[in-house]
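The next block is data.csv, given as CSV, C-alpha atoms.
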```csv
chain,number,residue,atom,x,y,z
X,6,MET,CA,0.0,0.0,0.0
X,7,ASN,CA,1.2,3.5,-0.8
X,8,ILE,CA,2.8,5.3,2.2
X,9,ILE,CA,0.6,8.4,1.8
X,10,LEU,CA,-2.5,6.2,1.7
X,11,LYS,CA,-1.4,4.4,4.9
X,12,ALA,CA,-0.8,7.7,6.6
X,13,ALA,CA,-4.2,8.9,5.4
X,14,LEU,CA,-5.9,5.8,7.0
X,15,TRP,CA,-4.2,6.4,10.3
X,16,MET,CA,-5.1,10.1,10.2
X,17,SER,CA,-8.8,9.3,9.6
X,18,GLY,CA,-8.8,7.7,13.1
X,19,ALA,CA,-7.1,10.8,14.5
X,20,ILE,CA,-9.7,13.1,12.8
X,21,ALA,CA,-12.6,11.2,14.3
X,22,SER,CA,-10.9,11.1,17.7
X,23,PHE,CA,-10.0,14.8,17.9
X,24,SER,CA,-13.6,15.8,16.8
X,25,ALA,CA,-15.1,13.6,19.5
X,26,MET,CA,-12.7,15.1,22.1
X,27,ALA,CA,-13.8,18.7,21.1
X,28,VAL,CA,-17.5,17.9,21.7
X,29,ALA,CA,-16.8,16.1,25.0
X,30,GLY,CA,-14.4,18.8,26.2
X,31,ARG,CA,-17.1,21.5,25.7
X,32,SER,CA,-19.6,19.3,27.4
X,33,VAL,CA,-17.6,19.0,30.7
X,34,SER,CA,-16.2,22.6,30.6
X,35,PHE,CA,-19.2,23.9,32.6
X,36,GLU,CA,-18.2,21.7,35.6
X,37,LEU,CA,-14.4,21.2,35.3
X,38,ASP,CA,-11.6,23.6,34.5
X,39,THR,CA,-9.0,22.8,31.8
X,40,PHE,CA,-6.4,21.5,34.2
X,41,GLU,CA,-8.9,19.1,35.8
X,42,ILE,CA,-10.0,17.9,32.4
X,43,MET,CA,-6.4,17.2,31.5
X,44,MET,CA,-5.7,15.4,34.8
X,45,TYR,CA,-8.7,13.1,34.5
X,46,ARG,CA,-8.1,12.5,30.8
X,47,SER,CA,-4.5,11.5,31.6
X,48,PHE,CA,-5.6,9.2,34.4
X,49,ILE,CA,-7.9,7.3,32.0
X,50,GLY,CA,-5.2,7.2,29.3
X,51,LEU,CA,-2.5,6.0,31.7
X,52,THR,CA,-4.8,3.2,32.9
X,53,VAL,CA,-5.5,2.1,29.4
X,54,MET,CA,-1.8,2.2,28.4
X,55,ILE,CA,-0.7,0.2,31.5
X,56,LEU,CA,-3.3,-2.5,30.7
X,57,VAL,CA,-2.3,-2.6,27.0
X,58,ILE,CA,1.4,-2.8,27.9
X,59,GLN,CA,0.8,-5.5,30.4
X,60,ILE,CA,-1.4,-7.6,28.2
X,61,ARG,CA,0.9,-7.4,25.2
X,62,GLY,CA,4.1,-7.7,27.2
X,63,LEU,CA,5.6,-4.4,26.1
X,64,TRP,CA,7.3,-3.4,29.3
X,65,PRO,CA,10.8,-4.1,27.8
X,66,GLN,CA,10.1,-1.3,25.3
X,67,ILE,CA,9.5,1.2,28.1
X,68,SER,CA,12.9,2.8,28.8
X,69,ARG,CA,14.3,6.0,30.3
X,70,GLN,CA,16.2,6.8,27.1
X,71,ASN,CA,15.4,10.3,25.7
X,72,LEU,CA,13.6,11.4,28.9
X,73,GLY,CA,14.6,15.0,28.1
X,74,GLN,CA,12.9,14.8,24.7
X,75,HIS,CA,9.8,13.1,26.2
X,76,THR,CA,9.6,15.9,28.8
X,77,PHE,CA,9.9,18.7,26.3
X,78,ARG,CA,7.4,17.1,24.0
X,79,ASN,CA,4.8,16.7,26.8
X,80,VAL,CA,5.3,20.1,28.3
X,81,ALA,CA,4.6,21.5,24.8
X,82,HIS,CA,1.6,19.2,24.4
X,83,PHE,CA,0.2,19.9,27.9
X,84,THR,CA,0.4,23.6,27.3
X,85,GLY,CA,-1.2,23.4,23.9
X,86,GLN,CA,-4.0,21.1,25.0
X,87,ASN,CA,-4.9,23.4,27.9
X,88,LEU,CA,-5.0,26.4,25.6
X,89,TRP,CA,-7.1,24.4,23.1
X,90,PHE,CA,-9.6,23.2,25.8
X,91,TYR,CA,-10.1,26.8,26.9
X,92,ALA,CA,-10.5,28.1,23.3
X,93,ILE,CA,-13.2,25.6,22.4
X,94,THR,CA,-15.4,26.9,25.3
X,95,VAL,CA,-15.3,30.6,24.2
X,96,ILE,CA,-15.1,30.8,20.4
X,97,PRO,CA,-16.8,28.7,17.6
X,98,LEU,CA,-15.3,25.2,17.1
X,99,ALA,CA,-14.7,25.9,13.4
X,100,GLN,CA,-12.5,28.9,14.3
X,101,VAL,CA,-10.5,26.9,16.8
X,102,PHE,CA,-9.9,24.2,14.3
X,103,ALA,CA,-9.0,26.6,11.5
X,104,LEU,CA,-6.3,28.2,13.7
X,105,GLU,CA,-5.2,24.8,14.9
X,106,PHE,CA,-4.6,23.9,11.3
X,107,THR,CA,-1.7,26.3,11.2
X,108,SER,CA,0.3,23.7,13.1
X,109,PRO,CA,1.7,22.3,9.7
X,110,LEU,CA,2.9,25.8,8.9
X,111,TRP,CA,4.8,25.9,12.2
X,112,VAL,CA,6.1,22.4,11.5
X,113,LEU,CA,7.6,23.8,8.2
X,114,VAL,CA,9.2,26.7,10.0
X,115,LEU,CA,10.5,24.8,13.0
X,116,SER,CA,11.5,21.5,11.4
X,117,PRO,CA,15.0,22.8,10.4
X,118,LEU,CA,15.7,23.5,14.1
X,119,VAL,CA,14.2,20.3,15.6
X,120,LEU,CA,14.6,17.7,12.8
X,121,GLY,CA,17.3,19.2,10.7
X,122,GLU,CA,15.0,19.2,7.6
X,123,ARG,CA,15.7,21.8,4.9
X,124,LEU,CA,13.4,24.7,4.5
X,125,THR,CA,13.0,24.8,0.8
X,126,LYS,CA,11.5,27.6,-1.3
X,127,VAL,CA,8.3,25.6,-1.8
X,128,ARG,CA,7.9,25.1,2.0
X,129,ALA,CA,8.7,28.8,2.7
X,130,THR,CA,6.1,29.8,0.1
X,131,ALA,CA,3.5,27.4,1.6
X,132,ALA,CA,4.2,28.9,5.0
X,133,VAL,CA,3.6,32.5,3.8
X,134,ILE,CA,0.4,31.5,2.1
X,135,GLY,CA,-0.8,29.8,5.3
X,136,PHE,CA,0.0,32.8,7.4
X,137,VAL,CA,-2.2,34.9,5.1
X,138,GLY,CA,-4.9,32.5,5.9
X,139,ILE,CA,-4.3,33.0,9.6
X,140,LEU,CA,-4.9,36.8,9.2
X,141,ILE,CA,-8.1,36.1,7.3
X,142,VAL,CA,-9.4,33.7,10.1
X,143,ALA,CA,-8.3,35.9,13.0
X,144,ARG,CA,-9.0,39.3,11.3
X,145,PRO,CA,-6.9,41.1,13.9
X,146,SER,CA,-8.5,44.2,15.2
X,147,PRO,CA,-9.7,45.5,18.6
X,148,ASP,CA,-13.2,44.1,17.9
X,149,THR,CA,-12.2,40.6,16.7
X,150,LEU,CA,-9.2,39.7,18.8
X,151,SER,CA,-9.9,37.8,22.1
X,152,LEU,CA,-8.2,35.5,24.5
X,153,GLY,CA,-9.9,32.5,22.7
X,154,VAL,CA,-8.4,33.5,19.4
X,155,GLY,CA,-5.0,34.1,20.9
X,156,PHE,CA,-5.0,30.9,22.8
X,157,ALA,CA,-6.1,28.9,19.8
X,158,ALA,CA,-3.3,30.3,17.8
X,159,LEU,CA,-0.7,29.7,20.5
X,160,SER,CA,-2.0,26.1,20.9
X,161,ALA,CA,-1.1,25.5,17.2
X,162,ILE,CA,2.6,26.4,17.9
X,163,CYS,CA,2.6,24.0,20.9
X,164,PHE,CA,1.1,21.2,18.8
X,165,ALA,CA,3.7,21.8,16.1
X,166,LEU,CA,6.4,21.3,18.6
X,167,THR,CA,4.7,18.2,19.9
X,168,ILE,CA,4.5,16.8,16.3
X,169,LEU,CA,8.2,17.6,15.6
X,170,PHE,CA,9.4,15.9,18.8
X,171,THR,CA,7.1,12.9,18.2
X,172,LYS,CA,8.7,12.5,14.8
X,173,ARG,CA,12.2,12.8,16.4
X,174,LEU,CA,11.3,10.2,19.0
X,175,THR,CA,10.0,7.7,16.5
X,176,ARG,CA,13.5,7.4,15.1
X,177,THR,CA,14.7,5.6,18.3
X,178,THR,CA,11.7,5.0,20.5
X,179,SER,CA,8.7,2.6,20.2
X,180,ILE,CA,5.1,4.0,20.0
X,181,ALA,CA,4.2,2.2,23.2
X,182,CYS,CA,7.0,4.0,25.0
X,183,ILE,CA,6.0,7.4,23.6
X,184,LEU,CA,2.3,7.0,24.6
X,185,PHE,CA,3.3,5.7,28.0
X,186,TYR,CA,5.3,8.7,28.8
X,187,LEU,CA,2.7,10.9,27.2
X,188,THR,CA,0.0,9.7,29.6
X,189,LEU,CA,2.3,9.5,32.7
X,190,MET,CA,3.8,13.0,32.3
X,191,GLN,CA,0.4,14.5,31.4
X,192,ALA,CA,-1.1,13.0,34.6
X,193,VAL,CA,1.7,14.5,36.7
X,194,PHE,CA,1.4,17.9,35.1
X,195,GLY,CA,-2.4,17.8,35.5
X,196,MET,CA,-2.2,16.9,39.2
X,197,ILE,CA,0.2,19.8,39.8
X,198,ALA,CA,-1.8,22.3,37.8
X,199,ALA,CA,-5.2,21.3,39.0
X,200,GLY,CA,-4.2,21.0,42.7
X,201,TYR,CA,-2.1,24.1,43.1
X,202,ASP,CA,-5.0,25.9,44.7
X,203,GLY,CA,-6.0,22.9,46.9
X,204,ASP,CA,-9.4,22.7,45.2
X,205,VAL,CA,-10.0,19.8,42.8
X,206,MET,CA,-13.5,19.2,41.6
X,207,LEU,CA,-14.6,15.6,41.5
X,208,PRO,CA,-16.5,14.7,38.3
X,209,SER,CA,-20.3,14.1,38.6
X,210,THR,CA,-22.1,11.1,37.1
X,211,GLN,CA,-23.1,13.3,34.2
X,212,THR,CA,-19.5,14.2,33.3
X,213,LEU,CA,-17.9,10.8,33.8
X,214,PRO,CA,-19.0,9.4,30.4
X,215,TRP,CA,-17.7,12.6,28.6
X,216,LEU,CA,-14.4,12.2,30.5
X,217,ALA,CA,-14.2,8.6,29.3
X,218,VAL,CA,-14.6,9.9,25.7
X,219,ILE,CA,-11.9,12.6,26.2
X,220,GLY,CA,-9.5,10.0,27.7
X,221,GLY,CA,-10.1,7.3,25.1
X,222,ALA,CA,-10.3,9.7,22.1
X,223,GLY,CA,-7.2,11.6,23.2
X,224,LEU,CA,-5.2,8.3,23.5
X,225,LEU,CA,-6.5,6.9,20.2
X,226,ALA,CA,-5.8,10.2,18.4
X,227,HIS,CA,-2.2,10.2,19.5
X,228,PHE,CA,-1.9,6.5,18.6
X,229,CYS,CA,-3.1,7.1,15.1
X,230,MET,CA,-1.1,10.2,14.6
X,231,THR,CA,2.1,8.6,16.0
X,232,ASN,CA,1.7,5.7,13.6
X,233,ALA,CA,1.2,8.1,10.7
X,234,LEU,CA,4.3,10.0,11.7
X,235,ALA,CA,6.3,6.8,12.0
X,236,ILE,CA,5.7,6.0,8.3
X,237,ALA,CA,5.6,9.4,6.5
X,238,PRO,CA,7.2,12.8,6.8
X,239,ALA,CA,5.7,15.3,9.3
X,240,THR,CA,5.2,17.8,6.6
X,241,VAL,CA,3.0,15.3,4.7
X,242,VAL,CA,1.1,13.7,7.5
X,243,VAL,CA,-0.3,16.8,9.3
X,244,PRO,CA,-2.1,18.5,6.4
X,245,LEU,CA,-4.2,15.3,6.0
X,246,ASP,CA,-6.0,16.4,9.1
X,247,PHE,CA,-7.7,19.3,7.2
X,248,ILE,CA,-10.9,17.2,6.6
X,249,ARG,CA,-11.7,17.9,10.3
X,250,LEU,CA,-12.7,21.5,9.5
X,251,PRO,CA,-15.9,20.9,7.5
X,252,LEU,CA,-16.8,18.1,9.9
X,253,ILE,CA,-16.5,20.2,13.0
X,254,ALA,CA,-18.2,23.2,11.3
X,255,ILE,CA,-21.2,20.9,10.6
X,256,ILE,CA,-21.1,19.6,14.2
X,257,GLY,CA,-21.0,23.2,15.6
X,258,LEU,CA,-23.9,24.2,13.4
X,259,LEU,CA,-26.1,21.2,14.3
X,260,VAL,CA,-25.2,20.7,18.0
X,261,TYR,CA,-24.5,24.2,19.2
X,262,GLY,CA,-26.2,26.4,16.6
X,263,GLU,CA,-22.9,28.1,15.6
X,264,ALA,CA,-23.3,30.2,12.5
X,265,LEU,CA,-20.9,29.3,9.6
X,266,ASP,CA,-18.5,32.3,9.4
X,267,ILE,CA,-17.6,32.6,5.7
X,268,TRP,CA,-14.3,34.3,6.5
X,269,VAL,CA,-13.2,31.4,8.7
X,270,LEU,CA,-13.9,29.0,5.8
X,271,VAL,CA,-12.1,31.3,3.3
X,272,GLY,CA,-9.1,31.6,5.6
X,273,ALA,CA,-9.1,27.8,6.1
X,274,VAL,CA,-9.1,27.3,2.3
X,275,VAL,CA,-6.1,29.7,2.0
X,276,ILE,CA,-4.3,27.8,4.8
X,277,PHE,CA,-5.2,24.5,3.1
X,278,SER,CA,-3.8,25.8,-0.2
X,279,GLY,CA,-0.5,26.5,1.4
X,280,ASN,CA,-0.3,23.1,2.9
X,281,TYR,CA,-1.5,21.4,-0.3
X,282,LEU,CA,1.3,23.1,-2.2
X,283,ASN,CA,3.7,21.5,0.3
X,284,ILE,CA,2.0,18.1,0.0
X,285,TRP,CA,2.1,18.2,-3.8
X,286,SER,CA,5.8,19.1,-3.7
X,287,GLU,CA,6.6,16.3,-1.2
X,288,THR,CA,4.5,13.8,-3.2
X,289,ARG,CA,6.5,14.6,-6.4
X,290,LYS,CA,9.7,13.8,-4.6
X,291,THR,CA,8.6,10.3,-3.8
X,292,THR,CA,7.4,9.4,-7.3
```
What is this structure when it is put down as structure tokens?
Amino acid sequence: MNIILKAALWMSGAIASFSAMAVAGRSVSFELDTFEIMMYRSFIGLTVMILVIQIRGLWPQISRQNLGQHTFRNVAHFTGQNLWFYAITVIPLAQVFALEFTSPLWVLVLSPLVLGERLTKVRATAAVIGFVGILIVARPSPDTLSLGVGFAALSAICFALTILFTKRLTRTTSIACILFYLTLMQAVFGMIAAGYDGDVMLPSTQTLPWLAVIGGAGLLAHFCMTNALAIAPATVVVPLDFIRLPLIAIIGLLVYGEALDIWVLVGAVVIFSGNYLNIWSETRKTT
């Protein structure tokens, strides 16, 4: 099977999981803050990972090698995820996802520093086109800028760093090891952040199912994305996630009554165009 097709199949699982996590995250945000959501999500994910590792006998793959890279990856992810969970509660889901889709642009810009990949003219052009799309989506002005927009944009940078360090780790580290340290470190970070004020809210019976969705979907999303990154370049894998925008826009319309903002869609198309230019260039190199 073609490498890009395999990556697309893995990313379809990530798309469904991230979309489910957005709906579940908004559903519990009225009771739990973002730190508590991350803490409970990580507890669920860590429990699942320990069971899977134990059943499949994968403990020999869990090593302390590259702990520094694991730590940096998970600090970036924890920060980005908290910013993302806040953003989905205060601005339309489609706008959050459109700004999140700038992660591939940050991958292009930062990959020479983290992975040693060359920033070609095509990649630079794709990044510039994408940043024009950011301006269209955000429409920066005193009336349109908000914490939600800013946090969504910052989360994209954090997710790009997460992607780059995941790709770097896959060179020497198993997927089971990456996901184990993901859930373990996120649980520790979550406990520290949620408990710093000595007031941790216990989930109610209404929020427990949604937390289960967040924990399961979050773990499945990373499993799918990590597998995709293990078989294809980061600059090819991430743009495949763009199918999530029309899906979440429809969900936002049907479930939350969010109006479809034409400028968000226009900006997303511009962002997609920049990323598609990069995909087209990368695909030509492999044929």
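Nearest-residue note for X:Met54: choosing from X:Leu169, X:Leu225, X:Leu120, X:Leu110, the minimum distance belongs to X:Leu225, counting all atoms listed in the file.
Omitting stretch 255-261 of chain X and its sequence neighbours fewer than 4 positions away, and counting only C-alpha atoms, the residues within 9 Å are Ser24, Val28, Pro97, Leu98, Ala99, Leu250, Pro251 and Leu265 of chain X.
Closest approach to X:Val119 among X:Val57, X:Leu174, X:Ala131, X:Ile9 is made by X:Leu174 (distances from all atoms listed in the file).
With distances taken over all atoms listed in the file, X:Leu245 is the one residue among X:Leu245, X:Ala198, X:Ile42, X:Ala192 lying closest to X:Ser17.
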For X:Tyr45: contacts at 8 Å, all atoms listed in the file, fewer than 2 positions along chain excluded, given as a VMD selection string: chain X and resid 41 to 43 47 to 49 192 195 216 220
